[in-house]
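Colleague: This is the content of run-v3.cif (mmCIF, C-alpha atoms):
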```cif
data_start
#
loop_
_atom_site.label_atom_id
_atom_site.label_comp_id
_atom_site.auth_asym_id
_atom_site.auth_seq_id
_atom_site.Cartn_x
_atom_site.Cartn_y
_atom_site.Cartn_z
CA MET Z 1 18.34 -4.52 24.75
CA LYS Z 2 22.04 -3.86 25.15
CA ALA Z 3 22.54 -3.69 21.38
CA GLU Z 4 19.66 -1.20 21.08
CA TYR Z 5 20.96 0.96 23.92
CA ASP Z 6 24.54 0.89 22.60
CA ALA Z 7 23.29 1.97 19.16
CA LEU Z 8 21.36 4.89 20.68
CA ILE Z 9 24.47 6.07 22.53
CA ARG Z 10 26.70 5.57 19.48
CA ASN Z 11 24.34 7.61 17.26
CA GLN Z 12 24.07 10.40 19.87
CA THR Z 13 20.29 10.17 19.82
CA TRP Z 14 19.81 12.47 22.83
CA ASP Z 15 21.53 15.15 24.91
CA LEU Z 16 21.29 15.23 28.70
CA VAL Z 17 20.00 18.61 29.88
CA PRO Z 18 18.84 19.99 33.27
CA SER Z 19 15.20 19.34 34.09
CA ASP Z 20 12.84 22.25 33.36
CA PRO Z 21 9.67 22.34 35.54
CA SER Z 22 7.80 24.20 32.79
CA ARG Z 23 8.37 21.35 30.33
CA ILE Z 24 6.48 18.06 30.19
CA VAL Z 25 8.86 15.12 30.30
CA VAL Z 26 8.03 12.39 27.79
CA ASP Z 27 8.78 9.01 29.30
CA CYS Z 28 10.10 5.98 27.40
CA LYS Z 29 9.41 2.26 27.40
CA TRP Z 30 10.82 -0.90 25.86
CA LEU Z 31 9.02 -2.76 23.09
CA PHE Z 32 9.95 -6.33 22.25
CA ARG Z 33 9.22 -8.01 18.93
CA VAL Z 34 9.94 -11.36 17.35
CA LYS Z 35 10.75 -11.22 13.63
CA HIS Z 36 9.81 -14.32 11.66
CA LYS Z 37 10.98 -15.80 8.40
CA PRO Z 38 8.53 -16.50 5.54
CA ASP Z 39 8.16 -20.11 6.72
CA GLY Z 40 7.08 -18.95 10.17
CA SER Z 41 10.30 -19.84 12.01
CA ILE Z 42 11.95 -17.27 14.28
CA ASP Z 43 14.47 -15.03 12.56
CA ARG Z 44 15.62 -12.92 15.51
CA TYR Z 45 14.47 -11.02 18.57
CA LYS Z 46 14.35 -7.23 18.49
CA ALA Z 47 14.05 -4.58 21.20
CA HIS Z 48 13.14 -0.93 20.64
CA LEU Z 49 13.28 1.94 23.10
CA VAL Z 50 10.41 4.25 22.16
CA ALA Z 51 9.00 7.51 23.52
CA LYS Z 52 5.47 7.55 24.94
CA GLY Z 53 4.22 9.97 22.36
CA PHE Z 54 0.62 9.41 23.40
CA THR Z 55 1.28 11.55 26.50
CA GLN Z 56 1.80 14.61 24.28
CA ARG Z 57 -1.03 16.88 23.20
CA PRO Z 58 -1.45 17.68 19.50
CA GLY Z 59 -1.32 21.38 18.72
CA LEU Z 60 0.42 22.12 22.03
CA ASP Z 61 3.36 19.74 22.35
CA TYR Z 62 3.66 18.98 18.63
CA HIS Z 63 2.06 19.96 15.34
CA SER Z 64 2.93 17.15 12.95
CA THR Z 65 4.47 13.67 12.89
CA PHE Z 66 6.45 11.92 10.20
CA ASN Z 67 7.79 8.46 9.46
CA PRO Z 68 9.66 7.65 6.24
CA ALA Z 69 7.26 5.28 4.47
CA VAL Z 70 7.27 4.64 0.73
CA LYS Z 71 3.98 4.12 -1.14
CA PRO Z 72 3.21 0.52 -2.17
CA ALA Z 73 2.93 1.58 -5.83
CA ILE Z 74 6.48 2.95 -5.70
CA VAL Z 75 7.78 -0.33 -4.27
CA ARG Z 76 6.08 -2.34 -7.02
CA LEU Z 77 7.28 0.08 -9.70
CA VAL Z 78 10.92 0.00 -8.58
CA LEU Z 79 10.83 -3.79 -8.25
CA ALA Z 80 9.32 -4.05 -11.73
CA ILE Z 81 12.08 -1.86 -13.23
CA ALA Z 82 14.81 -3.79 -11.40
CA THR Z 83 13.28 -7.09 -12.53
CA GLN Z 84 13.14 -6.01 -16.18
CA ARG Z 85 16.76 -4.88 -16.10
CA SER Z 86 17.97 -7.90 -14.08
CA TRP Z 87 19.40 -5.68 -11.35
CA PRO Z 88 20.33 -7.19 -7.97
CA ILE Z 89 17.85 -6.14 -5.26
CA HIS Z 90 19.34 -5.95 -1.78
CA GLN Z 91 17.52 -5.59 1.51
CA LEU Z 92 18.77 -3.82 4.61
CA ASP Z 93 17.40 -3.57 8.12
CA VAL Z 94 18.17 -0.62 10.40
CA ASN Z 95 18.96 -2.14 13.77
CA ASN Z 96 18.20 1.14 15.50
CA ALA Z 97 15.60 3.41 13.88
CA PHE Z 98 15.33 6.14 16.52
CA LEU Z 99 15.77 9.60 14.98
CA GLN Z 100 18.09 8.81 12.10
CA GLU Z 101 18.34 10.41 8.67
CA VAL Z 102 19.17 8.69 5.43
CA THR Z 103 20.30 10.93 2.57
CA VAL Z 104 20.73 8.31 -0.16
CA TYR Z 105 18.08 7.78 -2.86
CA ILE Z 106 16.71 4.37 -1.85
CA LEU Z 107 13.37 2.83 -0.87
CA ILE Z 108 12.71 3.28 2.84
CA TYR Z 109 9.82 2.04 4.93
CA VAL Z 110 10.55 3.09 8.54
CA ASP Z 111 13.52 0.79 9.33
CA ASP Z 112 13.39 -1.49 6.29
CA ILE Z 113 15.37 -0.58 3.19
CA ILE Z 114 15.54 -1.83 -0.40
CA ILE Z 115 18.45 -0.76 -2.59
CA THR Z 116 18.98 -1.69 -6.21
CA GLY Z 117 21.11 -0.61 -9.16
CA ASN Z 118 22.74 -1.73 -12.35
CA ILE Z 119 26.23 -2.25 -10.85
CA GLY Z 120 26.58 -4.58 -7.89
CA ARG Z 121 29.87 -2.92 -6.91
CA SER Z 122 28.11 0.42 -6.43
CA ILE Z 123 25.41 -1.16 -4.30
CA ARG Z 124 28.03 -2.74 -2.03
CA SER Z 125 29.83 0.61 -1.73
CA ILE Z 126 26.62 2.37 -0.63
CA ILE Z 127 25.82 -0.39 1.87
CA ASP Z 128 29.32 -0.17 3.36
CA THR Z 129 29.06 3.62 3.60
CA LEU Z 130 25.71 3.42 5.37
CA SER Z 131 27.04 0.75 7.74
CA GLN Z 132 29.82 3.08 8.85
CA ARG Z 133 27.25 5.68 9.92
CA PHE Z 134 24.29 3.55 11.04
CA SER Z 135 23.82 0.18 12.65
CA LEU Z 136 22.61 -1.92 9.70
CA LYS Z 137 22.14 -5.58 8.96
CA ASP Z 138 22.64 -6.65 5.35
CA LEU Z 139 19.97 -9.25 4.66
CA GLY Z 140 21.32 -10.03 1.19
CA LEU Z 141 19.09 -10.27 -1.85
CA VAL Z 142 15.51 -9.34 -1.00
CA HIS Z 143 13.32 -12.30 -0.04
CA TYR Z 144 10.93 -11.02 2.65
CA PHE Z 145 10.08 -7.33 2.85
CA LEU Z 146 7.28 -5.72 4.90
CA GLY Z 147 5.47 -9.04 5.23
CA VAL Z 148 5.75 -9.66 1.48
CA GLU Z 149 7.52 -12.76 0.21
CA VAL Z 150 9.69 -12.06 -2.84
CA ILE Z 151 10.26 -15.19 -4.94
CA SER Z 152 12.70 -14.83 -7.83
CA THR Z 153 12.64 -17.04 -10.93
CA PRO Z 154 14.41 -16.75 -14.32
CA ALA Z 155 11.19 -15.41 -15.90
CA ALA Z 156 9.74 -13.15 -13.19
CA ILE Z 157 9.58 -12.06 -9.56
CA TYR Z 158 6.53 -13.10 -7.56
CA LEU Z 159 5.20 -11.04 -4.65
CA SER Z 160 3.06 -12.97 -2.16
CA GLN Z 161 1.67 -12.40 1.34
CA HIS Z 162 0.97 -16.05 2.12
CA LYS Z 163 2.35 -15.91 5.67
CA TYR Z 164 0.45 -12.67 6.38
CA VAL Z 165 -2.81 -14.34 5.29
CA ILE Z 166 -2.17 -17.40 7.46
CA ASP Z 167 -1.38 -15.22 10.49
CA LEU Z 168 -4.59 -13.26 9.93
CA LEU Z 169 -6.66 -16.44 9.67
CA ASP Z 170 -4.97 -17.82 12.79
CA GLU Z 171 -5.83 -14.65 14.72
CA LEU Z 172 -9.53 -15.24 14.00
CA HIS Z 173 -9.31 -19.04 14.39
CA MET Z 174 -10.13 -19.61 10.71
CA VAL Z 175 -7.03 -21.49 9.56
CA GLU Z 176 -9.09 -24.64 8.94
CA CYS Z 177 -12.00 -22.85 7.27
CA LYS Z 178 -13.28 -23.90 3.86
CA GLY Z 179 -12.20 -21.63 1.01
CA VAL Z 180 -14.57 -19.96 -1.47
CA PRO Z 181 -13.78 -18.92 -5.08
CA THR Z 182 -15.03 -15.29 -4.88
CA PRO Z 183 -14.33 -12.50 -2.36
CA MET Z 184 -17.91 -11.19 -2.18
CA THR Z 185 -21.33 -12.22 -3.45
CA SER Z 186 -22.73 -10.20 -6.34
CA THR Z 187 -26.00 -9.66 -4.44
CA CYS Z 188 -24.35 -8.23 -1.31
CA SER Z 189 -26.26 -5.00 -0.55
CA PHE Z 190 -26.06 -4.54 3.26
CA ALA Z 191 -29.61 -3.27 3.61
CA ASP Z 192 -30.50 -1.82 7.03
CA SER Z 193 -32.34 -4.18 9.35
CA GLU Z 194 -33.43 -3.87 12.97
CA ALA Z 195 -32.37 -7.48 13.56
CA ASP Z 196 -28.82 -6.66 12.42
CA SER Z 197 -26.90 -6.03 15.66
CA VAL Z 198 -23.63 -4.13 16.11
CA VAL Z 199 -20.32 -6.03 16.36
CA ASP Z 200 -17.02 -5.19 18.05
CA ILE Z 201 -15.98 -1.91 16.37
CA SER Z 202 -12.33 -2.17 17.45
CA LEU Z 203 -11.95 -5.70 16.06
CA TYR Z 204 -13.73 -4.78 12.82
CA ARG Z 205 -11.47 -1.78 12.22
CA ARG Z 206 -8.33 -3.78 13.00
CA ILE Z 207 -9.22 -6.50 10.50
CA ILE Z 208 -10.14 -3.93 7.84
CA GLY Z 209 -6.73 -2.32 8.31
CA LYS Z 210 -5.01 -5.67 7.78
CA LEU Z 211 -7.13 -6.39 4.72
CA HIS Z 212 -6.10 -3.02 3.29
CA TYR Z 213 -2.46 -4.05 3.70
CA LEU Z 214 -3.17 -7.32 1.91
CA SER Z 215 -4.11 -5.23 -1.14
CA PHE Z 216 -0.34 -4.74 -1.55
CA THR Z 217 -0.25 -7.98 -3.57
CA MET Z 218 -3.96 -8.79 -3.99
CA PRO Z 219 -5.77 -6.35 -6.27
CA ASP Z 220 -8.66 -8.82 -6.54
CA ILE Z 221 -9.88 -7.96 -3.03
CA GLY Z 222 -9.79 -4.20 -3.64
CA PHE Z 223 -13.51 -3.79 -4.28
CA ALA Z 224 -14.57 -5.93 -1.30
CA VAL Z 225 -12.21 -4.13 1.08
CA SER Z 226 -13.32 -0.72 -0.19
CA LYS Z 227 -16.97 -1.71 0.26
CA LEU Z 228 -16.51 -3.05 3.80
CA SER Z 229 -14.44 0.01 4.79
CA GLN Z 230 -17.54 2.17 4.35
CA PHE Z 231 -19.06 0.71 7.54
CA MET Z 232 -16.19 1.12 10.01
CA HIS Z 233 -18.13 3.75 11.95
CA TYR Z 234 -21.00 1.35 12.75
CA PRO Z 235 -20.30 -2.26 11.67
CA LYS Z 236 -23.04 -4.84 12.01
CA VAL Z 237 -23.32 -8.61 11.87
CA SER Z 238 -24.00 -8.60 8.11
CA HIS Z 239 -20.75 -6.70 7.53
CA TRP Z 240 -18.83 -9.10 9.76
CA LYS Z 241 -20.23 -12.06 7.83
CA ALA Z 242 -18.98 -10.43 4.62
CA ILE Z 243 -15.52 -10.07 6.18
CA LYS Z 244 -15.50 -13.77 7.12
CA ARG Z 245 -16.43 -14.69 3.56
CA LEU Z 246 -13.56 -12.52 2.31
CA LEU Z 247 -11.24 -14.33 4.72
CA ARG Z 248 -12.44 -17.66 3.31
CA TYR Z 249 -11.55 -16.36 -0.14
CA LEU Z 250 -8.08 -15.46 1.14
CA LYS Z 251 -7.77 -18.99 2.45
CA HIS Z 252 -8.57 -20.25 -1.05
CA THR Z 253 -6.04 -17.90 -2.73
CA SER Z 254 -3.38 -17.50 -0.01
CA THR Z 255 -0.54 -18.66 -2.27
CA MET Z 256 -1.39 -16.25 -5.09
CA GLY Z 257 0.15 -12.83 -5.61
CA VAL Z 258 1.57 -10.40 -8.15
CA LYS Z 259 3.89 -11.39 -10.99
CA LEU Z 260 6.51 -8.87 -12.15
CA CYS Z 261 7.83 -10.03 -15.53
CA ARG Z 262 11.46 -9.75 -16.60
CA GLN Z 263 10.53 -8.94 -20.20
CA PRO Z 264 11.94 -5.43 -20.89
CA THR Z 265 9.34 -2.79 -21.75
CA ASP Z 266 8.83 0.94 -21.40
CA ARG Z 267 5.09 1.25 -21.96
CA LEU Z 268 2.37 2.15 -19.46
CA LEU Z 269 -1.00 0.51 -20.09
CA THR Z 270 -4.08 1.29 -17.99
CA TYR Z 271 -7.53 -0.29 -17.75
CA SER Z 272 -10.36 1.83 -16.36
CA ASP Z 273 -13.92 0.89 -15.42
CA SER Z 274 -16.84 1.81 -13.17
CA ASP Z 275 -20.14 0.28 -12.04
CA TRP Z 276 -22.76 2.91 -12.70
CA ALA Z 277 -25.03 3.45 -9.65
CA GLY Z 278 -23.82 0.15 -8.22
CA ASN Z 279 -24.45 1.12 -4.60
CA PRO Z 280 -28.16 0.46 -3.86
CA GLN Z 281 -28.07 2.65 -0.72
CA ASP Z 282 -27.07 5.97 -2.30
CA ARG Z 283 -26.66 5.02 -6.00
CA THR Z 284 -23.05 6.15 -6.16
CA SER Z 285 -20.65 4.45 -8.55
CA THR Z 286 -17.30 2.78 -7.93
CA THR Z 287 -14.12 3.64 -9.83
CA GLY Z 288 -11.72 0.84 -10.59
CA TYR Z 289 -8.45 0.79 -12.49
CA VAL Z 290 -5.16 -1.09 -12.86
CA VAL Z 291 -1.92 0.25 -14.32
CA TYR Z 292 0.64 -2.02 -16.00
CA LEU Z 293 4.27 -1.43 -16.81
CA GLY Z 294 4.46 -3.83 -19.70
CA ASN Z 295 2.94 -7.04 -18.29
CA SER Z 296 3.58 -6.13 -14.65
CA PRO Z 297 0.76 -4.57 -12.58
CA ILE Z 298 2.18 -1.71 -10.52
CA SER Z 299 -0.83 0.32 -9.33
CA TRP Z 300 -4.53 -0.36 -8.81
CA SER Z 301 -7.51 1.05 -6.98
CA SER Z 302 -11.18 0.46 -6.29
CA LYS Z 303 -12.83 3.51 -4.75
CA LYS Z 304 -16.33 4.87 -4.26
CA GLN Z 305 -17.07 8.02 -6.25
CA ARG Z 306 -17.92 11.08 -4.19
CA SER Z 307 -21.02 12.13 -6.12
CA VAL Z 308 -23.90 10.45 -7.94
CA SER Z 309 -23.47 10.10 -11.69
CA ARG Z 310 -26.55 10.67 -13.83
CA SER Z 311 -25.36 8.41 -16.64
CA SER Z 312 -22.96 5.56 -17.24
CA THR Z 313 -20.90 7.89 -19.41
CA GLU Z 314 -20.45 10.29 -16.52
CA ALA Z 315 -19.45 7.48 -14.16
CA GLU Z 316 -16.93 6.11 -16.66
CA TYR Z 317 -15.57 9.58 -17.33
CA ARG Z 318 -14.93 10.19 -13.64
CA ALA Z 319 -13.09 6.87 -13.54
CA VAL Z 320 -10.95 7.95 -16.50
CA ALA Z 321 -10.17 11.24 -14.73
CA ALA Z 322 -9.01 9.33 -11.63
CA VAL Z 323 -6.76 6.98 -13.59
CA VAL Z 324 -5.27 9.80 -15.70
CA SER Z 325 -4.27 11.53 -12.46
CA GLU Z 326 -2.55 8.33 -11.28
CA VAL Z 327 -0.83 7.86 -14.64
CA ASN Z 328 0.47 11.45 -14.53
CA TRP Z 329 2.00 10.79 -11.13
CA LEU Z 330 3.59 7.51 -12.31
CA THR Z 331 4.94 9.20 -15.44
CA ASN Z 332 6.60 11.93 -13.38
CA LEU Z 333 7.98 9.30 -11.02
CA LEU Z 334 9.44 7.31 -13.92
CA HIS Z 335 11.03 10.52 -15.20
CA GLU Z 336 12.67 11.09 -11.81
CA LEU Z 337 13.92 7.49 -11.88
CA HIS Z 338 15.46 8.13 -15.32
CA PHE Z 339 13.19 5.54 -16.92
CA PRO Z 340 11.87 7.24 -20.07
CA LEU Z 341 8.73 5.98 -21.77
CA SER Z 342 8.93 5.27 -25.50
CA ALA Z 343 5.32 6.33 -26.06
CA PRO Z 344 2.55 8.17 -24.18
CA PRO Z 345 0.61 6.00 -21.69
CA THR Z 346 -2.48 4.24 -23.02
CA VAL Z 347 -5.79 4.38 -21.10
CA LEU Z 348 -8.40 1.80 -22.12
CA CYS Z 349 -12.09 2.31 -21.33
CA ASP Z 350 -15.06 0.13 -22.31
CA ASN Z 351 -17.55 3.00 -22.72
CA VAL Z 352 -17.79 4.29 -26.29
CA SER Z 353 -19.36 7.63 -25.32
CA THR Z 354 -16.58 8.31 -22.85
CA THR Z 355 -13.89 7.66 -25.46
CA TYR Z 356 -15.67 10.00 -27.89
CA ILE Z 357 -15.81 12.77 -25.28
CA CYS Z 358 -12.10 12.32 -24.52
CA ALA Z 359 -11.20 12.61 -28.22
CA ASN Z 360 -13.68 15.32 -29.24
CA PRO Z 361 -12.58 18.87 -28.35
CA VAL Z 362 -16.16 20.13 -28.74
CA PHE Z 363 -17.68 19.91 -25.29
CA HIS Z 364 -21.21 18.54 -25.25
CA SER Z 365 -23.79 20.65 -23.39
CA ARG Z 366 -25.18 17.63 -21.54
CA MET Z 367 -21.78 17.09 -19.86
CA LYS Z 368 -21.36 20.56 -18.36
CA HIS Z 369 -21.73 19.18 -14.83
CA VAL Z 370 -18.47 17.25 -15.27
CA ASP Z 371 -16.55 20.03 -17.00
CA ILE Z 372 -13.70 19.98 -14.46
CA ASP Z 373 -12.97 16.32 -15.15
CA PHE Z 374 -13.46 16.98 -18.86
CA HIS Z 375 -10.92 19.76 -19.06
CA PHE Z 376 -8.45 17.77 -16.95
CA VAL Z 377 -8.64 14.64 -19.13
CA ARG Z 378 -8.82 16.63 -22.35
CA GLY Z 379 -5.60 18.41 -21.43
CA GLN Z 380 -3.80 15.07 -21.21
CA VAL Z 381 -4.97 13.69 -24.58
#
```
Please rewrite the model in this file as structure tokens.
Modeller:
Amino acid sequence: MKAEYDALIRNQTWDLVPSDPSRIVVDCKWLFRVKHKPDGSIDRYKAHLVAKGFTQRPGLDYHSTFNPAVKPAIVRLVLAIATQRSWPIHQLDVNNAFLQEVTVYILIYVDDIIITGNIGRSIRSIIDTLSQRFSLKDLGLVHYFLGVEVISTPAAIYLSQHKYVIDLLDELHMVECKGVPTPMTSTCSFADSEADSVVDISLYRRIIGKLHYLSFTMPDIGFAVSKLSQFMHYPKVSHWKAIKRLLRYLKHTSTMGVKLCRQPTDRLLTYSDSDWAGNPQDRTSTTGYVVYLGNSPISWSSKKQRSVSRSSTEAEYRAVAAVVSEVNWLTNLLHELHFPLSAPPTVLCDNVSTTYICANPVFHSRMKHVDIDFHFVRGQV
């Protein structure tokens, strides 16, 4: 607590002013947290002095909130580039994260920082400069970041959330459960039934949120998590049973993760797919894709399409439109990172009609209802 308070005073976090009766005073409280190492042992104890923001009224006391949080795809992309180029990857922890600004181009997730570069001397200089202004702890080469274990080998870097999975299973008393080889049964339809009672909504939503975070290193659970997320407003026993099966799958695959290869490459390769009318309730389709930088997966998604597709070609085309949008964003990001691509990104699709439509500038009359997606994809070809 003393270290936290001293850091707040040293950084001039607040100014003492006379009390104004017309203003609502926002109180503070202490939060205590134990940070663990990947093996579960205690790393250190942390204390944070935080404002009780829940006492403020949106639209009256504030209009927007912001926390510096980098997207998971950006983290994987930067790690993949650093791995290919054999750059050292350092990890920093901000001891006091209350109203501070960082003006250096680095990866930031609230109070956790990753910094990498081609010259170790420059990295050390930046770390020393930041330490003079902020209270930082240099954790050395990255090994455990945002609940993700980073295991470095001569051939690749492995990202795993083994400890996160074990903690999740322990929370639900399922550490000793029997694993299963698949995340969800192929016949899982969740048909409405009067005998299907409602479960604890708060618990269901909390577990879904944690499963979403597990998608950071587990693209194989993307479809199951997306499917179960559709029932957060009114979860029932059948949905909870599906979650427990998914947890049993995580038990079976808890040591698996994502492999970022060291083999240098500058090519983006994307696989796109959809299940036409796969949802038996409303006959919507699901878009799925994965983007590789060389042999390293950096971005993936499994998401329900917003409208019903009247053919498999239409469903596949909407999936291609979604992945092209993601590839455009990644291409612009790589350009900003000064990582030029040697060739245009490649998008692979297993629907022949869709590939013909993408390549043929003559728009077919039977596809007029998807003309927006058509013109978007066609403009990228």
Colleague: Within 12 Å of range 303-306 of chain Z, which residues of range 204-255 of chain Z show up? Give each one with its shortest atom-to-atom distance in Å (one decimal) and the two atoms involved, counting all atoms listed in the file, rows by chain then rising residue number, as a Markdown table.
Modeller:
```
| residue | atom | partner | partner_atom | distance |
| --- | --- | --- | --- | --- |
| Z:Ile221 | CA | Z:Lys303 | CA | 12.0 |
| Z:Gly222 | CA | Z:Lys303 | CA | 8.4 |
| Z:Phe223 | CA | Z:Lys303 | CA | 7.3 |
| Z:Ala224 | CA | Z:Lys303 | CA | 10.2 |
| Z:Val225 | CA | Z:Lys303 | CA | 9.6 |
| Z:Ser226 | CA | Z:Lys303 | CA | 6.2 |
| Z:Lys227 | CA | Z:Lys304 | CA | 8.0 |
| Z:Leu228 | CA | Z:Lys304 | CA | 11.3 |
| Z:Ser229 | CA | Z:Lys303 | CA | 10.3 |
| Z:Gln230 | CA | Z:Lys304 | CA | 9.1 |
```
Colleague: Report as a PDB file with C-alpha atoms, keeping the file's coordinate frame the full result of the PyMOL selection byres ((chain Z and resi 274-276) around 8) when it is applied to this structure.
Modeller:
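Output file part.pdb is given in full below:
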```
ATOM      1  CA  SER Z 272     -10.360   1.830 -16.360  1.00  0.00           C
ATOM      2  CA  ASP Z 273     -13.920   0.890 -15.420  1.00  0.00           C
ATOM      3  CA  ALA Z 277     -25.030   3.450  -9.650  1.00  0.00           C
ATOM      4  CA  GLY Z 278     -23.820   0.150  -8.220  1.00  0.00           C
ATOM      5  CA  THR Z 284     -23.050   6.150  -6.160  1.00  0.00           C
ATOM      6  CA  SER Z 285     -20.650   4.450  -8.550  1.00  0.00           C
ATOM      7  CA  THR Z 286     -17.300   2.780  -7.930  1.00  0.00           C
ATOM      8  CA  THR Z 287     -14.120   3.640  -9.830  1.00  0.00           C
ATOM      9  CA  GLY Z 288     -11.720   0.840 -10.590  1.00  0.00           C
ATOM     10  CA  SER Z 309     -23.470  10.100 -11.690  1.00  0.00           C
ATOM     11  CA  SER Z 311     -25.360   8.410 -16.640  1.00  0.00           C
ATOM     12  CA  SER Z 312     -22.960   5.560 -17.240  1.00  0.00           C
ATOM     13  CA  ALA Z 315     -19.450   7.480 -14.160  1.00  0.00           C
ATOM     14  CA  GLU Z 316     -16.930   6.110 -16.660  1.00  0.00           C
ATOM     15  CA  ALA Z 319     -13.090   6.870 -13.540  1.00  0.00           C
TER      16      ALA Z 319
END
```
Colleague: Neighbouring residues of Arg33 in chain Z were defined as those with any atom within 8 Å, considering only C-alpha atoms; residues of the same chain fewer than 6 positions away were excluded. Please report them as a compact mmCIF listing (two decimals) with C-alpha atoms, in the frame of the given file.
Modeller:
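Wrote out-v8.txt, looks like this:
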```txt
# COMPACT_ATOMS: atom_id res chain seq x y z
CA TYR Z 45 14.47 -11.02 18.57
CA LYS Z 46 14.35 -7.23 18.49
CA ALA Z 47 14.05 -4.58 21.20
```
Colleague: Let me make sure I understand: among Z:Ser19, Z:Ser125, Z:Leu107, Z:Asp112, which one has the smallest atom-to-atom distance to Ile74 in chain Z if we use only C-alpha atoms?
Modeller: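 Distance minimum relative to Ile74 in chain Z lands on Z:Leu107.
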Colleague: Quick one, how far is CA of Lys137 in chain Z from CA of Asp43 in chain Z?
Modeller: 12.7 Å
Colleague: Step by step, work through what the PyMOL selection byres ((chain Z and resi 77-87) around 7) selects in the shown file, and finish by giving those residues as a PyMOL selection string.
Modeller: chain Z and resi 73-76+88-89+116-118+157+260-264+296+298
Colleague: For Met232 in chain Z, which residue out of Z:Leu348, Z:Leu16, Z:Cys358, Z:Ile208 is the nearest one, using all atoms listed in the file?
Modeller: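 Closest to Met232 in chain Z of all the choices is Z:Ile208.
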Colleague: Using the chain letters and numbers from this file, what does the PyMOL selection byres ((chain Z and resi 198) around 10) select? Give the answer as number ranges by chain.
Modeller: Z: 195-197, 199-201, 234-240
Colleague: To one decimal place in Å, what is the distance between CA of Pro344 in chain Z and CA of Tyr289 in chain Z?
Modeller: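 Spanning CA of Pro344 in chain Z to CA of Tyr289 in chain Z is a straight-line distance of 17.7 Å.
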Colleague: When you draw a straight line from CA of Trp14 in chain Z to CA of Gln132 in chain Z, how long is it in Å?
Modeller: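 Those two atoms sit 19.6 Å apart.
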Colleague: Residues around (-1.4, 1.3, -26.4), cut-off 7 Å, counting only C-alpha atoms - what are they as a list in words?
Modeller: Leu269, Pro345 and Thr346 of chain Z
Colleague: May I have the residues within 8 Å of Asp138 in chain Z as a PyMOL selection string, using all atoms listed in the file and disregarding those fewer than 2 positions away in the same chain?
Modeller: chain Z and resi 90-93+127+136+140
Colleague: When distances are computed from all atoms listed in the file, which of Z:Val17, Z:Leu334, Z:Leu250, Z:Ile106 shows the smallest separation from Leu169 in chain Z?
Modeller: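 Counting all atoms listed in the file, the residue closest to Leu169 in chain Z is Z:Leu250.
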Colleague: Is it possible to get the residues within 12 Å of (-1.6, -11.8, -3.9) (coordinates as in the file, counting only C-alpha atoms) written as an MDAnalysis selection string?
Modeller: chainID Z and resid 147:150 158:165 211 213:222 249:260 297
